[in-house]
$ cat my_file.tsv   # TSV, N, CA and C atoms
chain	number	residue	atom	x	y	z
I	70	MET	N	-38.49	117.93	75.35
I	70	MET	CA	-37.71	117.41	74.24
I	70	MET	C	-38.23	116.00	73.93
I	71	SER	N	-38.45	115.72	72.66
I	71	SER	CA	-38.93	114.40	72.26
I	71	SER	C	-37.80	113.37	72.43
I	72	ASP	N	-38.18	112.10	72.38
I	72	ASP	CA	-37.18	111.03	72.49
I	72	ASP	C	-36.15	111.14	71.37
I	73	LYS	N	-36.61	111.41	70.14
I	73	LYS	CA	-35.69	111.54	69.01
I	73	LYS	C	-34.74	112.72	69.22
I	74	GLU	N	-35.29	113.85	69.67
I	74	GLU	CA	-34.44	115.02	69.91
I	74	GLU	C	-33.39	114.72	70.99
I	75	LEU	N	-33.79	114.01	72.03
I	75	LEU	CA	-32.86	113.66	73.09
I	75	LEU	C	-31.70	112.83	72.55
I	76	VAL	N	-32.00	111.84	71.74
I	76	VAL	CA	-30.96	110.98	71.18
I	76	VAL	C	-30.04	111.78	70.26
I	77	ILE	N	-30.60	112.63	69.42
I	77	ILE	CA	-29.77	113.47	68.55
I	77	ILE	C	-28.86	114.37	69.39
I	78	HIS	N	-29.43	114.97	70.45
I	78	HIS	CA	-28.61	115.81	71.33
I	78	HIS	C	-27.50	114.99	72.00
I	79	PHE	N	-27.79	113.73	72.35
I	79	PHE	CA	-26.76	112.88	72.92
I	79	PHE	C	-25.57	112.76	71.97
I	80	PHE	N	-25.84	112.48	70.70
I	80	PHE	CA	-24.75	112.37	69.73
I	80	PHE	C	-23.98	113.68	69.60
I	81	VAL	N	-24.70	114.77	69.44
I	81	VAL	CA	-24.05	116.07	69.25
I	81	VAL	C	-23.27	116.48	70.50
I	82	GLU	N	-23.92	116.42	71.64
I	82	GLU	CA	-23.27	116.87	72.88
I	82	GLU	C	-22.16	115.91	73.31
I	83	GLY	N	-22.37	114.61	73.16
I	83	GLY	CA	-21.39	113.64	73.61
I	83	GLY	C	-20.18	113.51	72.71
I	84	TYR	N	-20.41	113.43	71.39
I	84	TYR	CA	-19.32	113.17	70.45
I	84	TYR	C	-18.71	114.44	69.87
I	85	ILE	N	-19.52	115.45	69.59
I	85	ILE	CA	-18.99	116.65	68.93
I	85	ILE	C	-18.59	117.71	69.96
I	86	ASN	N	-19.52	118.08	70.85
I	86	ASN	CA	-19.26	119.17	71.79
I	86	ASN	C	-18.52	118.72	73.05
I	87	LYS	N	-18.45	117.42	73.27
I	87	LYS	CA	-17.80	116.87	74.47
I	87	LYS	C	-18.39	117.49	75.74
I	88	ASN	N	-19.70	117.67	75.71
I	88	ASN	CA	-20.45	118.22	76.85
I	88	ASN	C	-20.86	117.05	77.74
I	89	TYR	N	-19.94	116.60	78.55
I	89	TYR	CA	-20.17	115.41	79.35
I	89	TYR	C	-21.18	115.66	80.48
I	90	ASP	N	-21.35	116.91	80.88
I	90	ASP	CA	-22.41	117.22	81.86
I	90	ASP	C	-23.78	116.90	81.28
I	91	PHE	N	-23.99	117.18	79.99
I	91	PHE	CA	-25.24	116.84	79.33
I	91	PHE	C	-25.45	115.33	79.39
I	92	VAL	N	-24.41	114.57	79.08
I	92	VAL	CA	-24.51	113.11	79.08
I	92	VAL	C	-24.86	112.61	80.48
I	93	LEU	N	-24.21	113.13	81.49
I	93	LEU	CA	-24.50	112.72	82.87
I	93	LEU	C	-25.94	113.04	83.26
I	94	LYS	N	-26.44	114.16	82.76
I	94	LYS	CA	-27.80	114.59	83.10
I	94	LYS	C	-28.87	113.76	82.38
I	95	TYR	N	-28.64	113.41	81.11
I	95	TYR	CA	-29.68	112.79	80.30
I	95	TYR	C	-29.52	111.28	80.08
I	96	LEU	N	-28.48	110.69	80.64
I	96	LEU	CA	-28.41	109.23	80.74
I	96	LEU	C	-28.66	108.90	82.20
I	97	SER	N	-29.46	107.90	82.46
I	97	SER	CA	-29.78	107.55	83.84
I	97	SER	C	-28.52	107.11	84.57
I	98	ASP	N	-28.53	107.28	85.88
I	98	ASP	CA	-27.38	106.87	86.69
I	98	ASP	C	-27.06	105.40	86.50
I	99	ASP	N	-28.10	104.58	86.31
I	99	ASP	CA	-27.90	103.13	86.14
I	99	ASP	C	-28.04	102.71	84.67
I	100	TYR	N	-27.69	103.62	83.77
I	100	TYR	CA	-27.71	103.36	82.33
I	100	TYR	C	-26.96	102.06	82.02
I	101	ILE	N	-27.49	101.29	81.08
I	101	ILE	CA	-26.86	100.04	80.65
I	101	ILE	C	-26.65	100.07	79.14
I	102	ASP	N	-25.41	99.82	78.74
I	102	ASP	CA	-25.05	99.72	77.33
I	102	ASP	C	-24.84	98.24	77.02
I	103	HIS	N	-25.65	97.70	76.13
I	103	HIS	CA	-25.58	96.28	75.79
I	103	HIS	C	-24.60	95.98	74.67
I	104	SER	N	-23.84	96.97	74.23
I	104	SER	CA	-22.82	96.74	73.20
I	104	SER	C	-21.56	96.19	73.86
I	105	PRO	N	-20.57	95.82	73.06
I	105	PRO	CA	-19.32	95.33	73.66
I	105	PRO	C	-18.65	96.33	74.61
I	106	ALA	N	-18.90	97.63	74.44
I	106	ALA	CA	-18.31	98.63	75.34
I	106	ALA	C	-18.79	98.42	76.77
I	107	GLY	N	-20.06	98.04	76.94
I	107	GLY	CA	-20.59	97.57	78.20
I	107	GLY	C	-20.71	98.55	79.35
I	108	ALA	N	-21.00	99.80	79.09
I	108	ALA	CA	-21.18	100.77	80.19
I	108	ALA	C	-22.29	100.29	81.12
I	109	ARG	N	-22.11	100.57	82.40
I	109	ARG	CA	-23.10	100.20	83.41
I	109	ARG	C	-23.53	101.39	84.25
I	110	SER	N	-23.23	102.59	83.75
I	110	SER	CA	-23.66	103.82	84.41
I	110	SER	C	-23.46	104.97	83.44
I	111	ASN	N	-24.02	106.12	83.77
I	111	ASN	CA	-23.81	107.29	82.92
I	111	ASN	C	-22.34	107.71	82.94
I	112	GLN	N	-21.65	107.52	84.08
I	112	GLN	CA	-20.22	107.86	84.15
I	112	GLN	C	-19.40	106.92	83.27
I	113	ASP	N	-19.75	105.64	83.23
I	113	ASP	CA	-19.09	104.71	82.31
I	113	ASP	C	-19.25	105.20	80.87
I	114	ALA	N	-20.44	105.67	80.53
I	114	ALA	CA	-20.70	106.17	79.17
I	114	ALA	C	-19.81	107.36	78.87
I	115	VAL	N	-19.67	108.27	79.83
I	115	VAL	CA	-18.79	109.43	79.64
I	115	VAL	C	-17.35	108.95	79.42
I	116	ASN	N	-16.91	107.98	80.20
I	116	ASN	CA	-15.54	107.47	80.03
I	116	ASN	C	-15.33	106.89	78.64
I	117	ILE	N	-16.34	106.22	78.09
I	117	ILE	CA	-16.25	105.69	76.73
I	117	ILE	C	-16.18	106.83	75.72
I	118	LEU	N	-16.98	107.86	75.91
I	118	LEU	CA	-16.94	109.03	75.02
I	118	LEU	C	-15.57	109.70	75.06
I	119	ILE	N	-14.96	109.77	76.24
I	119	ILE	CA	-13.62	110.35	76.36
I	119	ILE	C	-12.62	109.48	75.60
I	120	ASP	N	-12.74	108.16	75.72
I	120	ASP	CA	-11.86	107.26	74.97
I	120	ASP	C	-12.00	107.50	73.47
I	121	VAL	N	-13.24	107.62	73.00
I	121	VAL	CA	-13.48	107.87	71.58
I	121	VAL	C	-12.87	109.21	71.17
I	122	ALA	N	-13.00	110.24	72.01
I	122	ALA	CA	-12.44	111.57	71.71
I	122	ALA	C	-10.92	111.51	71.63
I	123	ASN	N	-10.30	110.60	72.37
I	123	ASN	CA	-8.85	110.45	72.31
I	123	ASN	C	-8.40	109.70	71.06
I	124	MET	N	-9.31	108.94	70.43
I	124	MET	CA	-9.00	108.21	69.20
I	124	MET	C	-9.32	109.01	67.95
I	125	PHE	N	-10.44	109.78	68.02
I	125	PHE	CA	-10.96	110.44	66.82
I	125	PHE	C	-11.22	111.92	67.07
I	126	GLY	N	-10.71	112.75	66.19
I	126	GLY	CA	-10.96	114.18	66.23
I	126	GLY	C	-11.78	114.61	65.04
I	127	ASN	N	-12.09	115.90	65.00
I	127	ASN	CA	-12.87	116.47	63.89
I	127	ASN	C	-14.12	115.65	63.61
I	128	VAL	N	-14.80	115.24	64.68
I	128	VAL	CA	-15.96	114.36	64.54
I	128	VAL	C	-17.12	115.11	63.90
I	129	GLN	N	-17.64	114.52	62.86
I	129	GLN	CA	-18.87	115.00	62.23
I	129	GLN	C	-19.85	113.84	62.22
I	130	ILE	N	-21.10	114.15	62.51
I	130	ILE	CA	-22.12	113.12	62.59
I	130	ILE	C	-23.27	113.49	61.68
I	131	ASN	N	-23.71	112.51	60.91
I	131	ASN	CA	-24.89	112.71	60.08
I	131	ASN	C	-25.90	111.62	60.45
I	132	VAL	N	-27.08	112.05	60.87
I	132	VAL	CA	-28.14	111.10	61.21
I	132	VAL	C	-28.78	110.64	59.90
I	133	GLU	N	-28.46	109.42	59.49
I	133	GLU	CA	-28.97	108.88	58.23
I	133	GLU	C	-30.42	108.43	58.39
I	134	ASP	N	-30.71	107.78	59.52
I	134	ASP	CA	-32.07	107.32	59.82
I	134	ASP	C	-32.31	107.45	61.32
I	135	ILE	N	-33.55	107.79	61.68
I	135	ILE	CA	-33.93	107.78	63.08
I	135	ILE	C	-35.43	107.50	63.15
I	136	PHE	N	-35.77	106.53	63.99
I	136	PHE	CA	-37.16	106.12	64.17
I	136	PHE	C	-37.44	106.05	65.66
I	137	SER	N	-38.65	106.43	66.04
I	137	SER	CA	-38.99	106.40	67.47
I	137	SER	C	-40.41	105.87	67.64
I	138	GLU	N	-40.55	104.94	68.58
I	138	GLU	CA	-41.87	104.40	68.91
I	138	GLU	C	-41.83	103.81	70.31
I	139	ASN	N	-42.80	104.18	71.12
I	139	ASN	CA	-42.96	103.61	72.46
I	139	ASN	C	-41.68	103.63	73.29
I	140	GLY	N	-40.98	104.76	73.26
I	140	GLY	CA	-39.79	104.92	74.08
I	140	GLY	C	-38.53	104.29	73.52
I	141	MET	N	-38.62	103.72	72.32
I	141	MET	CA	-37.44	103.16	71.67
I	141	MET	C	-37.06	104.04	70.48
I	142	VAL	N	-35.77	104.34	70.37
I	142	VAL	CA	-35.27	105.16	69.28
I	142	VAL	C	-34.17	104.38	68.57
I	143	ALA	N	-34.37	104.15	67.28
I	143	ALA	CA	-33.40	103.43	66.45
I	143	ALA	C	-32.70	104.42	65.53
I	144	THR	N	-31.37	104.29	65.43
I	144	THR	CA	-30.61	105.22	64.60
I	144	THR	C	-29.63	104.49	63.70
I	145	ARG	N	-29.34	105.15	62.60
I	145	ARG	CA	-28.21	104.79	61.72
I	145	ARG	C	-27.44	106.08	61.54
I	146	ILE	N	-26.22	106.09	62.03
I	146	ILE	CA	-25.41	107.32	62.09
I	146	ILE	C	-24.18	107.15	61.23
I	147	ARG	N	-23.86	108.16	60.43
I	147	ARG	CA	-22.59	108.18	59.69
I	147	ARG	C	-21.64	109.08	60.45
I	148	TYR	N	-20.50	108.50	60.81
I	148	TYR	CA	-19.43	109.24	61.47
I	148	TYR	C	-18.35	109.56	60.45
I	149	ASN	N	-17.89	110.81	60.44
I	149	ASN	CA	-16.71	111.22	59.68
I	149	ASN	C	-15.73	111.75	60.72
I	150	VAL	N	-14.56	111.12	60.80
I	150	VAL	CA	-13.62	111.42	61.87
I	150	VAL	C	-12.18	111.42	61.34
I	151	THR	N	-11.30	112.00	62.14
I	151	THR	CA	-9.87	111.94	61.89
I	151	THR	C	-9.24	111.08	62.96
I	152	HIS	N	-8.41	110.13	62.57
I	152	HIS	CA	-7.76	109.20	63.50
I	152	HIS	C	-6.58	109.91	64.16
I	153	ILE	N	-6.78	110.33	65.43
I	153	ILE	CA	-5.76	111.14	66.12
I	153	ILE	C	-5.05	110.40	67.26
I	154	GLY	N	-5.54	109.23	67.63
I	154	GLY	CA	-4.94	108.49	68.74
I	154	GLY	C	-5.10	107.01	68.53
I	155	GLU	N	-4.40	106.24	69.34
I	155	GLU	CA	-4.42	104.79	69.18
I	155	GLU	C	-5.84	104.25	69.20
I	156	CYS	N	-6.13	103.39	68.23
I	156	CYS	CA	-7.43	102.75	68.11
I	156	CYS	C	-7.19	101.31	67.66
I	157	MET	N	-7.69	100.35	68.44
I	157	MET	CA	-7.53	98.93	68.11
I	157	MET	C	-6.07	98.56	67.92
I	158	GLY	N	-5.21	99.18	68.71
I	158	GLY	CA	-3.78	98.90	68.63
I	158	GLY	C	-3.07	99.60	67.49
I	159	ILE	N	-3.77	100.43	66.74
I	159	ILE	CA	-3.19	101.14	65.60
I	159	ILE	C	-2.90	102.57	66.02
I	160	ALA	N	-1.63	102.97	65.94
I	160	ALA	CA	-1.24	104.34	66.29
I	160	ALA	C	-1.92	105.33	65.35
I	161	ALA	N	-2.04	106.57	65.82
I	161	ALA	CA	-2.68	107.63	65.03
I	161	ALA	C	-2.09	107.69	63.63
I	162	THR	N	-2.97	107.76	62.64
I	162	THR	CA	-2.54	107.84	61.24
I	162	THR	C	-2.83	109.21	60.64
I	163	GLY	N	-3.71	109.99	61.29
I	163	GLY	CA	-4.13	111.25	60.72
I	163	GLY	C	-5.13	111.09	59.59
I	164	ARG	N	-5.52	109.85	59.31
I	164	ARG	CA	-6.47	109.59	58.22
I	164	ARG	C	-7.87	110.05	58.58
I	165	ASN	N	-8.55	110.56	57.58
I	165	ASN	CA	-9.98	110.85	57.70
I	165	ASN	C	-10.72	109.60	57.24
I	166	ILE	N	-11.61	109.11	58.09
I	166	ILE	CA	-12.37	107.92	57.73
I	166	ILE	C	-13.85	108.18	57.95
I	167	SER	N	-14.66	107.35	57.35
I	167	SER	CA	-16.10	107.46	57.46
I	167	SER	C	-16.68	106.06	57.63
I	168	PHE	N	-17.64	105.94	58.55
I	168	PHE	CA	-18.29	104.65	58.78
I	168	PHE	C	-19.69	104.88	59.33
I	169	GLU	N	-20.53	103.86	59.19
I	169	GLU	CA	-21.88	103.91	59.74
I	169	GLU	C	-21.97	103.04	60.98
I	170	ALA	N	-22.75	103.51	61.94
I	170	ALA	CA	-23.02	102.73	63.15
I	170	ALA	C	-24.52	102.66	63.36
I	171	LEU	N	-24.95	101.55	63.91
I	171	LEU	CA	-26.36	101.37	64.27
I	171	LEU	C	-26.44	101.42	65.79
I	172	GLU	N	-27.30	102.27	66.31
I	172	GLU	CA	-27.43	102.40	67.75
I	172	GLU	C	-28.90	102.60	68.09
I	173	ASN	N	-29.37	101.82	69.05
I	173	ASN	CA	-30.76	101.90	69.50
I	173	ASN	C	-30.78	102.28	70.98
I	174	PHE	N	-31.80	103.04	71.35
I	174	PHE	CA	-31.89	103.58	72.70
I	174	PHE	C	-33.27	103.36	73.29
I	175	LYS	N	-33.32	103.11	74.59
I	175	LYS	CA	-34.57	103.09	75.33
I	175	LYS	C	-34.61	104.34	76.19
I	176	VAL	N	-35.69	105.10	76.04
I	176	VAL	CA	-35.86	106.36	76.77
I	176	VAL	C	-37.05	106.22	77.71
I	177	MET	N	-36.82	106.60	78.96
I	177	MET	CA	-37.91	106.60	79.95
I	177	MET	C	-37.82	107.88	80.77
I	178	ASP	N	-38.97	108.54	80.92
I	178	ASP	CA	-39.04	109.75	81.74
I	178	ASP	C	-37.98	110.78	81.37
I	179	GLY	N	-37.73	110.95	80.06
I	179	GLY	CA	-36.81	111.98	79.59
I	179	GLY	C	-35.33	111.65	79.73
I	180	LYS	N	-35.02	110.37	80.01
I	180	LYS	CA	-33.61	109.97	80.12
I	180	LYS	C	-33.37	108.69	79.32
I	181	ILE	N	-32.17	108.59	78.78
I	181	ILE	CA	-31.76	107.35	78.11
I	181	ILE	C	-31.37	106.37	79.20
I	182	VAL	N	-32.02	105.20	79.19
I	182	VAL	CA	-31.77	104.21	80.24
I	182	VAL	C	-31.01	102.98	79.74
I	183	GLU	N	-31.10	102.70	78.43
I	183	GLU	CA	-30.40	101.56	77.86
I	183	GLU	C	-30.04	101.86	76.41
I	184	SER	N	-29.02	101.16	75.92
I	184	SER	CA	-28.70	101.25	74.49
I	184	SER	C	-28.12	99.94	74.01
I	185	TRP	N	-28.26	99.75	72.71
I	185	TRP	CA	-27.71	98.60	72.00
I	185	TRP	C	-27.02	99.20	70.78
I	186	GLY	N	-25.74	98.97	70.65
I	186	GLY	CA	-25.03	99.61	69.55
I	186	GLY	C	-24.13	98.66	68.80
I	187	TYR	N	-23.87	99.03	67.56
I	187	TYR	CA	-22.97	98.28	66.70
I	187	TYR	C	-22.11	99.27	65.94
I	188	TRP	N	-20.83	99.25	66.23
I	188	TRP	CA	-19.85	99.98	65.41
I	188	TRP	C	-19.12	98.92	64.59
I	189	PRO	N	-18.89	99.17	63.32
I	189	PRO	CA	-18.27	98.15	62.46
I	189	PRO	C	-16.75	98.07	62.70
I	190	ASP	N	-16.36	97.45	63.80
I	190	ASP	CA	-14.96	97.43	64.21
I	190	ASP	C	-14.01	96.94	63.12
I	191	LYS	N	-14.37	95.87	62.45
I	191	LYS	CA	-13.49	95.34	61.38
I	191	LYS	C	-13.33	96.35	60.26
I	192	GLU	N	-14.42	97.01	59.87
I	192	GLU	CA	-14.35	98.03	58.82
I	192	GLU	C	-13.47	99.19	59.28
I	193	ILE	N	-13.66	99.64	60.51
I	193	ILE	CA	-12.86	100.75	61.04
I	193	ILE	C	-11.38	100.36	61.03
I	194	GLU	N	-11.10	99.16	61.52
I	194	GLU	CA	-9.71	98.69	61.55
I	194	GLU	C	-9.11	98.67	60.15
I	195	ASP	N	-9.86	98.18	59.17
I	195	ASP	CA	-9.36	98.15	57.78
I	195	ASP	C	-9.13	99.55	57.24
I	196	LEU	N	-9.98	100.50	57.59
I	196	LEU	CA	-9.83	101.88	57.13
I	196	LEU	C	-8.59	102.55	57.72
I	197	LEU	N	-8.18	102.09	58.91
I	197	LEU	CA	-7.03	102.69	59.58
I	197	LEU	C	-5.69	102.09	59.14
I	198	LYS	N	-5.74	100.95	58.48
I	198	LYS	CA	-4.49	100.27	58.07
I	198	LYS	C	-3.95	100.85	56.79

$ encode --input "my_file.tsv" --output "structure tokens"
Amino acid sequence: MSDKELVIHFFVEGYINKNYDFVLKYLSDDYIDHSPAGARSNQDAVNILIDVANMFGNVQINVEDIFSENGMVATRIRYNVTHIGECMGIAATGRNISFEALENFKVMDGKIVESWGYWPDKEIEDLLK
């Protein structure tokens, strides 16, 4: 599987299919997330995905852009979700919202070892109000 395919599978398996075994297998044990979420292992990443699944249902993902070079994969992802659980202190609204996130990944030996991500928290919060 190419680096780009691996990253796409991460989004599909982690966010849509909730296949956390896939995430544990294809993120390194010492995976580091440099975003505010701050995962420091593949299990931390799974816990974050579970938190997201508790906030957002009916997750649809569209890969707007993806670039790969020398083990680095850059993405721009559009998420379409339904707000089903508390997010940023806001109780579930049932609203369908859409937002873009930028996420970059470092892949080594067929595993994601690091990521840098940006979710537009202020935009998401405004969409939920």

$ closest_residue --input "my_file.tsv" --among "I:Asp98, I:Phe91, I:Gln129, I:Glu172" --to "Thr144 (chain I)" --atoms "all atoms listed in the file"
I:Glu172

$ atom_distance --input "my_file.tsv" --atom1 "CA of Leu93 (chain I)" --atom2 "atom C of Ile135 (chain I)"
23.1 Å

$ residues_around --input "my_file.tsv" --residues "region 109-121 of chain I" --least-positions-apart "2" --cutoff "6 Å" --atoms "only C-alpha atoms" --output "list in words"
Leu93, Leu96, Asp98, Asp99, Tyr100, Ile101, Asn123, Met124 and Phe125 of chain I

$ atom_distance --input "my_file.tsv" --atom1 "atom C of Tyr148 (chain I)" --atom2 "atom C of Tyr187 (chain I)"
12.3 Å

$ atom_distance --input "my_file.tsv" --atom1 "CA of Asp178 (chain I)" --atom2 "CA of Asn88 (chain I)"
21.0 Å

$ closest_residue --input "my_file.tsv" --among "I:Val150, I:Ala122, I:Met141, I:Ile193" --to "Val76 (chain I)" --atoms "only C-alpha atoms"
I:Met141

$ axis_aligned_box --input "my_file.tsv" --around "region 77-94 of chain I" --padding-each-side "5 Å" --output "lines of an AutoDock Vina configuration file"
center_x = -24.2
center_y = 115.8
center_z = 75.9
size_x = 22.8
size_y = 16.8
size_z = 24.7

$ select_by_dssp --input "my_file.tsv" --residues "chain I" --states "alpha helix (DSSP H)" --output "PyMOL selection string"
chain I and resi 72-80+89-95+111-124+190-197

$ closest_residue --input "my_file.tsv" --among "I:His152, I:Asp134, I:Val182, I:Leu197" --to "Asn165 (chain I)" --atoms "all atoms listed in the file"
I:His152

$ closest_residue --input "my_file.tsv" --among "I:Val92, I:Ala160, I:Ile166, I:Val142" --to "Ser71 (chain I)" --atoms "only C-alpha atoms"
I:Val142

$ residues_around --input "my_file.tsv" --residues "Val132 (chain I)" --least-positions-apart "5" --cutoff "7 Å" --atoms "all atoms listed in the file" --output "MDAnalysis selection string"
chainID I and resid 145:147

$ closest_residue --input "my_file.tsv" --among "I:Gly158, I:Ala108, I:Gly126, I:Asp102" --to "Trp185 (chain I)" --atoms "only C-alpha atoms"
I:Asp102

$ select_by_dssp --input "my_file.tsv" --residues "chain I" --states "strand (DSSP E)" --output "short mmCIF file (atom, residue, chain, number, x, y, z; two decimals) with N, CA and C atoms, in the frame of the given file"
data_model
loop_
_atom_site.label_atom_id
_atom_site.label_comp_id
_atom_site.auth_asym_id
_atom_site.auth_seq_id
_atom_site.Cartn_x
_atom_site.Cartn_y
_atom_site.Cartn_z
N LEU I 96 -28.48 110.69 80.64
CA LEU I 96 -28.41 109.23 80.74
C LEU I 96 -28.66 108.90 82.20
N SER I 97 -29.46 107.90 82.46
CA SER I 97 -29.78 107.55 83.84
C SER I 97 -28.52 107.11 84.57
N ASP I 98 -28.53 107.28 85.88
CA ASP I 98 -27.38 106.87 86.69
C ASP I 98 -27.06 105.40 86.50
N ASP I 99 -28.10 104.58 86.31
CA ASP I 99 -27.90 103.13 86.14
C ASP I 99 -28.04 102.71 84.67
N TYR I 100 -27.69 103.62 83.77
CA TYR I 100 -27.71 103.36 82.33
C TYR I 100 -26.96 102.06 82.02
N ILE I 101 -27.49 101.29 81.08
CA ILE I 101 -26.86 100.04 80.65
C ILE I 101 -26.65 100.07 79.14
N ASP I 102 -25.41 99.82 78.74
CA ASP I 102 -25.05 99.72 77.33
C ASP I 102 -24.84 98.24 77.02
N PHE I 125 -10.44 109.78 68.02
CA PHE I 125 -10.96 110.44 66.82
C PHE I 125 -11.22 111.92 67.07
N GLY I 126 -10.71 112.75 66.19
CA GLY I 126 -10.96 114.18 66.23
C GLY I 126 -11.78 114.61 65.04
N ASN I 127 -12.09 115.90 65.00
CA ASN I 127 -12.87 116.47 63.89
C ASN I 127 -14.12 115.65 63.61
N VAL I 128 -14.80 115.24 64.68
CA VAL I 128 -15.96 114.36 64.54
C VAL I 128 -17.12 115.11 63.90
N GLN I 129 -17.64 114.52 62.86
CA GLN I 129 -18.87 115.00 62.23
C GLN I 129 -19.85 113.84 62.22
N ILE I 130 -21.10 114.15 62.51
CA ILE I 130 -22.12 113.12 62.59
C ILE I 130 -23.27 113.49 61.68
N ASN I 131 -23.71 112.51 60.91
CA ASN I 131 -24.89 112.71 60.08
C ASN I 131 -25.90 111.62 60.45
N VAL I 132 -27.08 112.05 60.87
CA VAL I 132 -28.14 111.10 61.21
C VAL I 132 -28.78 110.64 59.90
N GLU I 133 -28.46 109.42 59.49
CA GLU I 133 -28.97 108.88 58.23
C GLU I 133 -30.42 108.43 58.39
N ASP I 134 -30.71 107.78 59.52
CA ASP I 134 -32.07 107.32 59.82
C ASP I 134 -32.31 107.45 61.32
N ILE I 135 -33.55 107.79 61.68
CA ILE I 135 -33.93 107.78 63.08
C ILE I 135 -35.43 107.50 63.15
N PHE I 136 -35.77 106.53 63.99
CA PHE I 136 -37.16 106.12 64.17
C PHE I 136 -37.44 106.05 65.66
N SER I 137 -38.65 106.43 66.04
CA SER I 137 -38.99 106.40 67.47
C SER I 137 -40.41 105.87 67.64
N GLU I 138 -40.55 104.94 68.58
CA GLU I 138 -41.87 104.40 68.91
C GLU I 138 -41.83 103.81 70.31
N MET I 141 -38.62 103.72 72.32
CA MET I 141 -37.44 103.16 71.67
C MET I 141 -37.06 104.04 70.48
N VAL I 142 -35.77 104.34 70.37
CA VAL I 142 -35.27 105.16 69.28
C VAL I 142 -34.17 104.38 68.57
N ALA I 143 -34.37 104.15 67.28
CA ALA I 143 -33.40 103.43 66.45
C ALA I 143 -32.70 104.42 65.53
N THR I 144 -31.37 104.29 65.43
CA THR I 144 -30.61 105.22 64.60
C THR I 144 -29.63 104.49 63.70
N ARG I 145 -29.34 105.15 62.60
CA ARG I 145 -28.21 104.79 61.72
C ARG I 145 -27.44 106.08 61.54
N ILE I 146 -26.22 106.09 62.03
CA ILE I 146 -25.41 107.32 62.09
C ILE I 146 -24.18 107.15 61.23
N ARG I 147 -23.86 108.16 60.43
CA ARG I 147 -22.59 108.18 59.69
C ARG I 147 -21.64 109.08 60.45
N TYR I 148 -20.50 108.50 60.81
CA TYR I 148 -19.43 109.24 61.47
C TYR I 148 -18.35 109.56 60.45
N ASN I 149 -17.89 110.81 60.44
CA ASN I 149 -16.71 111.22 59.68
C ASN I 149 -15.73 111.75 60.72
N VAL I 150 -14.56 111.12 60.80
CA VAL I 150 -13.62 111.42 61.87
C VAL I 150 -12.18 111.42 61.34
N THR I 151 -11.30 112.00 62.14
CA THR I 151 -9.87 111.94 61.89
C THR I 151 -9.24 111.08 62.96
N HIS I 152 -8.41 110.13 62.57
CA HIS I 152 -7.76 109.20 63.50
C HIS I 152 -6.58 109.91 64.16
N ASN I 165 -8.55 110.56 57.58
CA ASN I 165 -9.98 110.85 57.70
C ASN I 165 -10.72 109.60 57.24
N ILE I 166 -11.61 109.11 58.09
CA ILE I 166 -12.37 107.92 57.73
C ILE I 166 -13.85 108.18 57.95
N SER I 167 -14.66 107.35 57.35
CA SER I 167 -16.10 107.46 57.46
C SER I 167 -16.68 106.06 57.63
N PHE I 168 -17.64 105.94 58.55
CA PHE I 168 -18.29 104.65 58.78
C PHE I 168 -19.69 104.88 59.33
N GLU I 169 -20.53 103.86 59.19
CA GLU I 169 -21.88 103.91 59.74
C GLU I 169 -21.97 103.04 60.98
N ALA I 170 -22.75 103.51 61.94
CA ALA I 170 -23.02 102.73 63.15
C ALA I 170 -24.52 102.66 63.36
N LEU I 171 -24.95 101.55 63.91
CA LEU I 171 -26.36 101.37 64.27
C LEU I 171 -26.44 101.42 65.79
N GLU I 172 -27.30 102.27 66.31
CA GLU I 172 -27.43 102.40 67.75
C GLU I 172 -28.90 102.60 68.09
N ASN I 173 -29.37 101.82 69.05
CA ASN I 173 -30.76 101.90 69.50
C ASN I 173 -30.78 102.28 70.98
N PHE I 174 -31.80 103.04 71.35
CA PHE I 174 -31.89 103.58 72.70
C PHE I 174 -33.27 103.36 73.29
N LYS I 175 -33.32 103.11 74.59
CA LYS I 175 -34.57 103.09 75.33
C LYS I 175 -34.61 104.34 76.19
N VAL I 176 -35.69 105.10 76.04
CA VAL I 176 -35.86 106.36 76.77
C VAL I 176 -37.05 106.22 77.71
N MET I 177 -36.82 106.60 78.96
CA MET I 177 -37.91 106.60 79.95
C MET I 177 -37.82 107.88 80.77
N LYS I 180 -35.02 110.37 80.01
CA LYS I 180 -33.61 109.97 80.12
C LYS I 180 -33.37 108.69 79.32
N ILE I 181 -32.17 108.59 78.78
CA ILE I 181 -31.76 107.35 78.11
C ILE I 181 -31.37 106.37 79.20
N VAL I 182 -32.02 105.20 79.19
CA VAL I 182 -31.77 104.21 80.24
C VAL I 182 -31.01 102.98 79.74
N GLU I 183 -31.10 102.70 78.43
CA GLU I 183 -30.40 101.56 77.86
C GLU I 183 -30.04 101.86 76.41
N SER I 184 -29.02 101.16 75.92
CA SER I 184 -28.70 101.25 74.49
C SER I 184 -28.12 99.94 74.01
N TRP I 185 -28.26 99.75 72.71
CA TRP I 185 -27.71 98.60 72.00
C TRP I 185 -27.02 99.20 70.78
N GLY I 186 -25.74 98.97 70.65
CA GLY I 186 -25.03 99.61 69.55
C GLY I 186 -24.13 98.66 68.80
N TYR I 187 -23.87 99.03 67.56
CA TYR I 187 -22.97 98.28 66.70
C TYR I 187 -22.11 99.27 65.94
#
